[in-house]
$ cat input21.pdb   # PDB, C-alpha atoms
ATOM      1  CA  MET A   1      64.839  55.594  17.003
ATOM      2  CA  SER A   2      63.385  55.710  20.503
ATOM      3  CA  SER A   3      61.835  58.893  21.849
ATOM      4  CA  ILE A   4      62.890  57.918  25.383
ATOM      5  CA  PRO A   5      65.897  59.836  26.744
ATOM      6  CA  ALA A   6      69.093  57.789  27.036
ATOM      7  CA  GLU A   7      69.125  58.130  30.821
ATOM      8  CA  SER A   8      65.667  56.536  31.018
ATOM      9  CA  ARG A   9      66.754  53.685  28.747
ATOM     10  CA  GLY A  10      69.495  52.907  31.257
ATOM     11  CA  SER A  11      72.470  53.333  28.956
ATOM     12  CA  THR A  12      74.602  54.438  31.906
ATOM     13  CA  HIS A  13      73.083  52.019  34.402
ATOM     14  CA  LYS A  14      75.084  49.010  35.604
ATOM     15  CA  ALA A  15      74.014  45.473  34.760
ATOM     16  CA  ARG A  16      71.467  43.821  37.016
ATOM     17  CA  GLN A  17      73.160  41.613  39.608
ATOM     18  CA  ARG A  18      70.151  39.529  40.653
ATOM     19  CA  THR A  19      68.476  37.134  38.276
ATOM     20  CA  ILE A  20      65.304  36.860  40.354
ATOM     21  CA  VAL A  21      63.847  40.259  41.235
ATOM     22  CA  ASP A  22      60.152  39.343  41.520
ATOM     23  CA  ARG A  23      59.902  35.794  42.822
ATOM     24  CA  GLU A  24      56.117  35.515  42.413
ATOM     25  CA  VAL A  25      56.066  36.550  38.750
ATOM     26  CA  GLN A  26      59.276  34.884  37.625
ATOM     27  CA  MET A  27      58.684  31.591  39.447
ATOM     28  CA  GLY A  28      55.126  31.535  38.093
ATOM     29  CA  ILE A  29      56.544  31.740  34.580
ATOM     30  CA  ILE A  30      59.109  29.019  35.350
ATOM     31  CA  ARG A  31      56.353  26.744  36.742
ATOM     32  CA  LYS A  32      54.308  27.298  33.578
ATOM     33  CA  LEU A  33      57.372  26.584  31.415
ATOM     34  CA  ALA A  34      58.017  23.349  33.342
ATOM     35  CA  LEU A  35      54.379  22.308  32.948
ATOM     36  CA  HIS A  36      54.618  22.890  29.199
ATOM     37  CA  TRP A  37      57.794  20.809  28.959
ATOM     38  CA  VAL A  38      56.194  17.934  30.901
ATOM     39  CA  ALA A  39      53.071  18.093  28.702
ATOM     40  CA  PHE A  40      55.253  18.209  25.579
ATOM     41  CA  PHE A  41      57.254  15.174  26.693
ATOM     42  CA  LEU A  42      54.166  13.167  27.680
ATOM     43  CA  CYS A  43      52.411  13.951  24.400
ATOM     44  CA  ASN A  44      55.481  12.850  22.458
ATOM     45  CA  ALA A  45      55.719   9.660  24.515
ATOM     46  CA  VAL A  46      52.059   8.798  23.870
ATOM     47  CA  ALA A  47      52.421   9.630  20.170
ATOM     48  CA  LEU A  48      55.507   7.420  19.876
ATOM     49  CA  LEU A  49      53.787   4.595  21.748
ATOM     50  CA  LEU A  50      50.725   4.777  19.502
ATOM     51  CA  TRP A  51      52.816   5.061  16.335
ATOM     52  CA  THR A  52      54.927   2.074  17.303
ATOM     53  CA  ARG A  53      51.972  -0.069  18.323
ATOM     54  CA  LEU A  54      49.614   0.862  15.502
ATOM     55  CA  PHE A  55      51.918   1.273  12.498
ATOM     56  CA  GLU A  56      55.375  -0.204  13.075
ATOM     57  CA  GLN A  57      54.650  -3.306  15.148
ATOM     58  CA  PRO A  58      50.880  -3.892  15.330
ATOM     59  CA  ASP A  59      51.327  -7.438  16.639
ATOM     60  CA  LEU A  60      53.364  -6.255  19.649
ATOM     61  CA  ALA A  61      51.723  -6.389  23.076
ATOM     62  CA  TRP A  62      50.958  -2.967  24.609
ATOM     63  CA  GLU A  63      53.400  -3.580  27.490
ATOM     64  CA  GLU A  64      56.168  -4.398  25.018
ATOM     65  CA  ALA A  65      55.274  -1.398  22.870
ATOM     66  CA  LEU A  66      55.456   0.807  25.975
ATOM     67  CA  MET A  67      58.941  -0.484  26.857
ATOM     68  CA  ASN A  68      60.042  -0.069  23.234
ATOM     69  CA  ALA A  69      58.750   3.538  23.180
ATOM     70  CA  PHE A  70      60.495   4.247  26.505
ATOM     71  CA  ARG A  71      63.824   2.957  25.162
ATOM     72  CA  ARG A  72      63.455   5.054  22.011
ATOM     73  CA  LEU A  73      62.444   8.154  23.973
ATOM     74  CA  LEU A  74      65.165   7.859  26.644
ATOM     75  CA  PRO A  75      67.873   9.786  24.708
ATOM     76  CA  PHE A  76      65.391  12.598  24.021
ATOM     77  CA  PHE A  77      64.474  12.676  27.712
ATOM     78  CA  VAL A  78      68.129  12.796  28.846
ATOM     79  CA  ILE A  79      69.000  15.593  26.416
ATOM     80  CA  SER A  80      65.894  17.553  27.393
ATOM     81  CA  ALA A  81      66.675  17.163  31.095
ATOM     82  CA  ALA A  82      70.235  18.372  30.476
ATOM     83  CA  LEU A  83      68.947  21.473  28.671
ATOM     84  CA  ILE A  84      66.359  22.458  31.300
ATOM     85  CA  PRO A  85      68.792  24.474  33.493
ATOM     86  CA  ALA A  86      69.860  26.549  30.478
ATOM     87  CA  PHE A  87      66.230  27.157  29.503
ATOM     88  CA  VAL A  88      65.324  28.158  33.058
ATOM     89  CA  LEU A  89      68.271  30.564  33.353
ATOM     90  CA  ASP A  90      67.514  32.114  29.971
ATOM     91  CA  THR A  91      63.853  32.520  30.932
ATOM     92  CA  LEU A  92      64.797  34.149  34.240
ATOM     93  CA  LYS A  93      67.099  36.590  32.448
ATOM     94  CA  MET A  94      64.388  37.452  29.946
ATOM     95  CA  THR A  95      61.695  37.899  32.606
ATOM     96  CA  ASN A  96      64.115  40.062  34.573
ATOM     97  CA  ARG A  97      63.819  42.636  31.765
ATOM     98  CA  PHE A  98      60.200  43.329  32.717
ATOM     99  CA  ALA A  99      60.125  42.220  36.376
ATOM    100  CA  GLY A 100      63.048  44.500  37.305
ATOM    101  CA  PRO A 101      61.505  47.716  35.961
ATOM    102  CA  ILE A 102      58.128  46.960  37.519
ATOM    103  CA  SER A 103      59.812  46.129  40.838
ATOM    104  CA  ARG A 104      61.587  49.513  40.813
ATOM    105  CA  LEU A 105      58.373  51.300  39.803
ATOM    106  CA  ARG A 106      56.483  49.534  42.601
ATOM    107  CA  SER A 107      59.100  50.678  45.115
ATOM    108  CA  GLU A 108      58.928  54.313  44.019
ATOM    109  CA  LEU A 109      55.119  54.285  43.951
ATOM    110  CA  LYS A 110      55.195  53.002  47.534
ATOM    111  CA  ASN A 111      57.534  55.858  48.493
ATOM    112  CA  ALA A 112      55.138  58.371  46.909
ATOM    113  CA  ALA A 113      52.089  56.796  48.580
ATOM    114  CA  GLU A 114      53.802  56.979  51.981
ATOM    115  CA  GLY A 115      54.811  60.623  51.494
ATOM    116  CA  ARG A 116      58.526  59.955  51.018
ATOM    117  CA  PRO A 117      60.469  61.565  48.159
ATOM    118  CA  VAL A 118      60.816  59.423  45.054
ATOM    119  CA  SER A 119      64.010  58.738  43.161
ATOM    120  CA  GLU A 120      64.395  59.133  39.429
ATOM    121  CA  LEU A 121      63.607  55.876  37.643
ATOM    122  CA  LYS A 122      66.390  54.664  35.373
ATOM    123  CA  PHE A 123      65.841  51.346  33.638
ATOM    124  CA  ARG A 124      68.727  49.361  32.203
ATOM    125  CA  ALA A 125      69.456  49.046  28.502
ATOM    126  CA  GLY A 126      67.323  46.253  27.106
ATOM    127  CA  ASP A 127      64.645  46.497  29.813
ATOM    128  CA  TYR A 128      61.041  46.603  28.698
ATOM    129  CA  TRP A 129      58.763  49.588  29.270
ATOM    130  CA  ALA A 130      61.436  52.304  29.175
ATOM    131  CA  GLU A 131      58.689  54.852  28.491
ATOM    132  CA  ILE A 132      57.265  54.102  31.960
ATOM    133  CA  ALA A 133      60.435  55.529  33.520
ATOM    134  CA  ALA A 134      60.253  58.712  31.454
ATOM    135  CA  ASN A 135      56.543  59.184  32.203
ATOM    136  CA  PHE A 136      57.021  58.460  35.913
ATOM    137  CA  ASN A 137      59.902  60.936  36.109
ATOM    138  CA  ARG A 138      57.854  63.658  34.384
ATOM    139  CA  MET A 139      54.901  62.955  36.677
ATOM    140  CA  ALA A 140      57.145  63.067  39.784
ATOM    141  CA  ASP A 141      58.600  66.398  38.652
ATOM    142  CA  ARG A 142      55.167  67.903  37.962
ATOM    143  CA  ALA A 143      53.785  66.673  41.305
ATOM    144  CA  ASN A 144      56.932  67.816  43.200
ATOM    145  CA  LEU A 145      57.513  64.319  44.583
ATOM    146  CA  ARG A 146      61.315  64.502  44.342
ATOM    147  CA  GLY A 147      63.603  65.085  47.312
ATOM    148  CA  LYS A 148      65.249  68.431  48.125
ATOM    149  CA  GLU A 149      68.560  67.380  46.543
ATOM    150  CA  HIS A 150      66.831  66.850  43.162
ATOM    151  CA  HIS A 151      65.535  70.417  43.225
ATOM    152  CA  ALA A 152      68.965  71.695  44.330
ATOM    153  CA  ASN A 153      70.527  69.897  41.338
ATOM    154  CA  ASP A 154      67.976  71.528  39.012
ATOM    155  CA  ALA A 155      68.770  74.980  40.416
ATOM    156  CA  SER A 156      72.520  74.521  39.950
ATOM    157  CA  ALA A 157      72.181  73.225  36.371
TER     158      ALA A 157
END

$ encode --input "input21.pdb" --output "structure tokens"
Amino acid sequence: MSSIPAESRGSTHKARQRTIVDREVQMGIIRKLALHWVAFFLCNAVALLLWTRLFEQPDLAWEEALMNAFRRLLPFFVISAALIPAFVLDTLKMTNRFAGPISRLRSELKNAAEGRPVSELKFRAGDYWAEIAANFNRMADRANLRGKEHHANDASA
């Protein structure tokens, strides 16, 4: 059971409407994912070429072995290419669970640094680092960083 209050876990917060909330972080992860997929595909292509040439058809010319490996790898390549959009979208949704909270924290820290009142941080259900919201909210209360309406709500409660 989590020690974070339900309001900090975002149980009443609406679902995030944007998939990309921190372009630099999320696109960096997508670029790295794409690089890994390209490396994976190239390594498999070289392995298949070597396997074909060295063990299945050792008398085959390298050019012919390359064409043979390409023909055998083509279905794998087509299926992989078709799955890439789903992998990218799933990765963006997953990274949103940590990029969104940090983006909101960054915004409220900027407000505090510029002398503006800060809002209560409420992360959505499933977001990472829910304890950051609770700790930030306690810190903002102790440092009196909230706006006048927050204190008015406390007085009326």

$ residues_around --input "input21.pdb" --residues "Leu50 of chain A" --least-positions-apart "5" --cutoff "9 Å" --atoms "only C-alpha atoms" --output "number ranges by chain"
A: 45, 55, 65-66, 69

$ resolve_selection --input "input21.pdb" --expression "the PyMOL selection byres ((chain A and resi 132) around 12)" --output "list in words"
Ile4, Pro5, Ser8, Arg9, Phe98, Pro101, Ile102, Arg104, Leu105, Arg106, Glu120, Leu121, Lys122, Phe123, Asp127, Tyr128, Trp129, Ala130, Glu131, Ala133, Ala134, Asn135, Phe136, Asn137, Arg138, Met139 and Ala140 of chain A

$ resolve_selection --input "input21.pdb" --expression "the PyMOL selection byres ((chain A and resi 46) around 12)" --output "JSON, numbers by chain"
{"A": [39, 40, 41, 42, 43, 44, 45, 47, 48, 49, 50, 51, 52, 53, 54, 62, 65, 66, 67, 68, 69, 70, 73]}

$ residues_around --input "input21.pdb" --residues "Ile20 of chain A" --least-positions-apart "3" --cutoff "9 Å" --atoms "all atoms listed in the file" --output "number ranges by chain"
A: 23, 26-27, 92-93, 95-96, 99-100

$ write_last_selection --input "input21.pdb" --atoms "C-alpha atoms" --output "short mmCIF file (atom, residue, chain, number, x, y, z; two decimals), keeping the file's coordinate frame"
data_model
loop_
_atom_site.label_atom_id
_atom_site.label_comp_id
_atom_site.auth_asym_id
_atom_site.auth_seq_id
_atom_site.Cartn_x
_atom_site.Cartn_y
_atom_site.Cartn_z
CA ARG A 23 59.90 35.79 42.82
CA GLN A 26 59.28 34.88 37.62
CA MET A 27 58.68 31.59 39.45
CA LEU A 92 64.80 34.15 34.24
CA LYS A 93 67.10 36.59 32.45
CA THR A 95 61.70 37.90 32.61
CA ASN A 96 64.11 40.06 34.57
CA ALA A 99 60.12 42.22 36.38
CA GLY A 100 63.05 44.50 37.30
#

$ atom_distance --input "input21.pdb" --atom1 "atom CA of Arg31 of chain A" --atom2 "atom CA of Arg124 of chain A"
26.2 Å

$ atom_distance --input "input21.pdb" --atom1 "atom CA of Trp37 of chain A" --atom2 "atom CA of Phe77 of chain A"
10.6 Å

$ atom_distance --input "input21.pdb" --atom1 "atom CA of Ser107 of chain A" --atom2 "atom CA of Arg146 of chain A"
14.0 Å

$ closest_residue --input "input21.pdb" --among "A:Ile79, A:Asn111, A:Glu24, A:Ile84" --to "His36 of chain A" --atoms "only C-alpha atoms"
A:Ile84

$ residues_around --input "input21.pdb" --residues "Ile30 of chain A" --least-positions-apart "5" --cutoff "9 Å" --atoms "all atoms listed in the file" --output "ChimeraX atom specification"
/A:25,35,88,91-92

$ closest_residue --input "input21.pdb" --among "A:Ala82, A:Ala61, A:Phe87, A:Asn144" --to "Gly115 of chain A" --atoms "all atoms listed in the file"
A:Asn144

$ closest_residue --input "input21.pdb" --among "A:Ser119, A:Pro85, A:Ala143, A:Ser80" --to "Val38 of chain A" --atoms "all atoms listed in the file"
A:Ser80

$ axis_aligned_box --input "input21.pdb" --around "segment 49-67 of chain A" --padding-each-side "3 Å" --output "AutoDock Vina command-line options"
--center_x 54.3 --center_y -1.2 --center_z 20.0 --size_x 15.3 --size_y 18.5 --size_z 21.0

$ build_atoms --input "input21.pdb" --residues "segment 79-90 of chain A" --atoms "all heavy atoms" --output "PDB file, in the frame of the given file"
ATOM      1  N   ILE A  79      68.558  14.327  27.009  1.00  0.00           N
ATOM      2  CA  ILE A  79      69.000  15.593  26.416  1.00  0.00           C
ATOM      3  C   ILE A  79      68.112  16.745  26.883  1.00  0.00           C
ATOM      4  O   ILE A  79      68.607  17.823  27.234  1.00  0.00           O
ATOM      5  CB  ILE A  79      69.031  15.487  24.870  1.00  0.00           C
ATOM      6  CG1 ILE A  79      70.166  14.555  24.452  1.00  0.00           C
ATOM      7  CG2 ILE A  79      69.188  16.856  24.228  1.00  0.00           C
ATOM      8  CD1 ILE A  79      70.144  14.163  22.997  1.00  0.00           C
ATOM      9  N   SER A  80      66.815  16.514  26.919  1.00  0.00           N
ATOM     10  CA  SER A  80      65.894  17.553  27.393  1.00  0.00           C
ATOM     11  C   SER A  80      66.176  17.914  28.846  1.00  0.00           C
ATOM     12  O   SER A  80      66.204  19.091  29.211  1.00  0.00           O
ATOM     13  CB  SER A  80      64.444  17.085  27.255  1.00  0.00           C
ATOM     14  OG  SER A  80      64.110  16.917  25.911  1.00  0.00           O
ATOM     15  N   ALA A  81      66.382  16.918  29.674  1.00  0.00           N
ATOM     16  CA  ALA A  81      66.675  17.163  31.095  1.00  0.00           C
ATOM     17  C   ALA A  81      67.978  17.945  31.256  1.00  0.00           C
ATOM     18  O   ALA A  81      68.085  18.824  32.113  1.00  0.00           O
ATOM     19  CB  ALA A  81      66.742  15.846  31.857  1.00  0.00           C
ATOM     20  N   ALA A  82      68.959  17.657  30.401  1.00  0.00           N
ATOM     21  CA  ALA A  82      70.235  18.372  30.476  1.00  0.00           C
ATOM     22  C   ALA A  82      70.083  19.833  30.050  1.00  0.00           C
ATOM     23  O   ALA A  82      70.815  20.703  30.522  1.00  0.00           O
ATOM     24  CB  ALA A  82      71.278  17.671  29.608  1.00  0.00           C
ATOM     25  N   LEU A  83      69.147  20.106  29.155  1.00  0.00           N
ATOM     26  CA  LEU A  83      68.947  21.473  28.671  1.00  0.00           C
ATOM     27  C   LEU A  83      68.063  22.327  29.582  1.00  0.00           C
ATOM     28  O   LEU A  83      68.080  23.553  29.478  1.00  0.00           O
ATOM     29  CB  LEU A  83      68.335  21.446  27.268  1.00  0.00           C
ATOM     30  CG  LEU A  83      69.245  20.960  26.156  1.00  0.00           C
ATOM     31  CD1 LEU A  83      68.471  20.828  24.860  1.00  0.00           C
ATOM     32  CD2 LEU A  83      70.427  21.908  25.983  1.00  0.00           C
ATOM     33  N   ILE A  84      67.302  21.713  30.458  1.00  0.00           N
ATOM     34  CA  ILE A  84      66.359  22.458  31.300  1.00  0.00           C
ATOM     35  C   ILE A  84      67.031  23.570  32.092  1.00  0.00           C
ATOM     36  O   ILE A  84      66.518  24.697  32.111  1.00  0.00           O
ATOM     37  CB  ILE A  84      65.548  21.500  32.193  1.00  0.00           C
ATOM     38  CG1 ILE A  84      64.522  20.777  31.325  1.00  0.00           C
ATOM     39  CG2 ILE A  84      64.856  22.242  33.337  1.00  0.00           C
ATOM     40  CD1 ILE A  84      63.758  19.683  32.029  1.00  0.00           C
ATOM     41  N   PRO A  85      68.180  23.356  32.756  1.00  0.00           N
ATOM     42  CA  PRO A  85      68.792  24.474  33.493  1.00  0.00           C
ATOM     43  C   PRO A  85      69.111  25.676  32.600  1.00  0.00           C
ATOM     44  O   PRO A  85      68.907  26.824  33.011  1.00  0.00           O
ATOM     45  CB  PRO A  85      70.070  23.864  34.082  1.00  0.00           C
ATOM     46  CG  PRO A  85      69.791  22.407  34.167  1.00  0.00           C
ATOM     47  CD  PRO A  85      68.903  22.105  32.991  1.00  0.00           C
ATOM     48  N   ALA A  86      69.568  25.438  31.388  1.00  0.00           N
ATOM     49  CA  ALA A  86      69.860  26.549  30.478  1.00  0.00           C
ATOM     50  C   ALA A  86      68.584  27.276  30.088  1.00  0.00           C
ATOM     51  O   ALA A  86      68.560  28.510  30.032  1.00  0.00           O
ATOM     52  CB  ALA A  86      70.580  26.028  29.230  1.00  0.00           C
ATOM     53  N   PHE A  87      67.510  26.530  29.842  1.00  0.00           N
ATOM     54  CA  PHE A  87      66.230  27.157  29.503  1.00  0.00           C
ATOM     55  C   PHE A  87      65.695  27.979  30.664  1.00  0.00           C
ATOM     56  O   PHE A  87      65.170  29.074  30.475  1.00  0.00           O
ATOM     57  CB  PHE A  87      65.196  26.110  29.088  1.00  0.00           C
ATOM     58  CG  PHE A  87      65.500  25.418  27.789  1.00  0.00           C
ATOM     59  CD1 PHE A  87      65.034  24.142  27.550  1.00  0.00           C
ATOM     60  CD2 PHE A  87      66.245  26.029  26.797  1.00  0.00           C
ATOM     61  CE1 PHE A  87      65.296  23.497  26.355  1.00  0.00           C
ATOM     62  CE2 PHE A  87      66.509  25.401  25.596  1.00  0.00           C
ATOM     63  CZ  PHE A  87      66.036  24.125  25.380  1.00  0.00           C
ATOM     64  N   VAL A  88      65.815  27.445  31.870  1.00  0.00           N
ATOM     65  CA  VAL A  88      65.324  28.158  33.058  1.00  0.00           C
ATOM     66  C   VAL A  88      66.123  29.446  33.254  1.00  0.00           C
ATOM     67  O   VAL A  88      65.545  30.517  33.473  1.00  0.00           O
ATOM     68  CB  VAL A  88      65.394  27.256  34.309  1.00  0.00           C
ATOM     69  CG1 VAL A  88      65.197  28.067  35.587  1.00  0.00           C
ATOM     70  CG2 VAL A  88      64.351  26.146  34.222  1.00  0.00           C
ATOM     71  N   LEU A  89      67.438  29.377  33.172  1.00  0.00           N
ATOM     72  CA  LEU A  89      68.271  30.564  33.353  1.00  0.00           C
ATOM     73  C   LEU A  89      67.965  31.611  32.282  1.00  0.00           C
ATOM     74  O   LEU A  89      67.818  32.801  32.594  1.00  0.00           O
ATOM     75  CB  LEU A  89      69.754  30.201  33.332  1.00  0.00           C
ATOM     76  CG  LEU A  89      70.722  31.351  33.575  1.00  0.00           C
ATOM     77  CD1 LEU A  89      70.470  32.004  34.935  1.00  0.00           C
ATOM     78  CD2 LEU A  89      72.151  30.867  33.476  1.00  0.00           C
ATOM     79  N   ASP A  90      67.832  31.181  31.046  1.00  0.00           N
ATOM     80  CA  ASP A  90      67.514  32.114  29.971  1.00  0.00           C
ATOM     81  C   ASP A  90      66.146  32.759  30.192  1.00  0.00           C
ATOM     82  O   ASP A  90      65.979  33.959  29.971  1.00  0.00           O
ATOM     83  CB  ASP A  90      67.558  31.391  28.622  1.00  0.00           C
ATOM     84  CG  ASP A  90      67.453  32.357  27.463  1.00  0.00           C
ATOM     85  OD1 ASP A  90      68.229  33.339  27.436  1.00  0.00           O
ATOM     86  OD2 ASP A  90      66.601  32.130  26.590  1.00  0.00           O
TER      87      ASP A  90
END
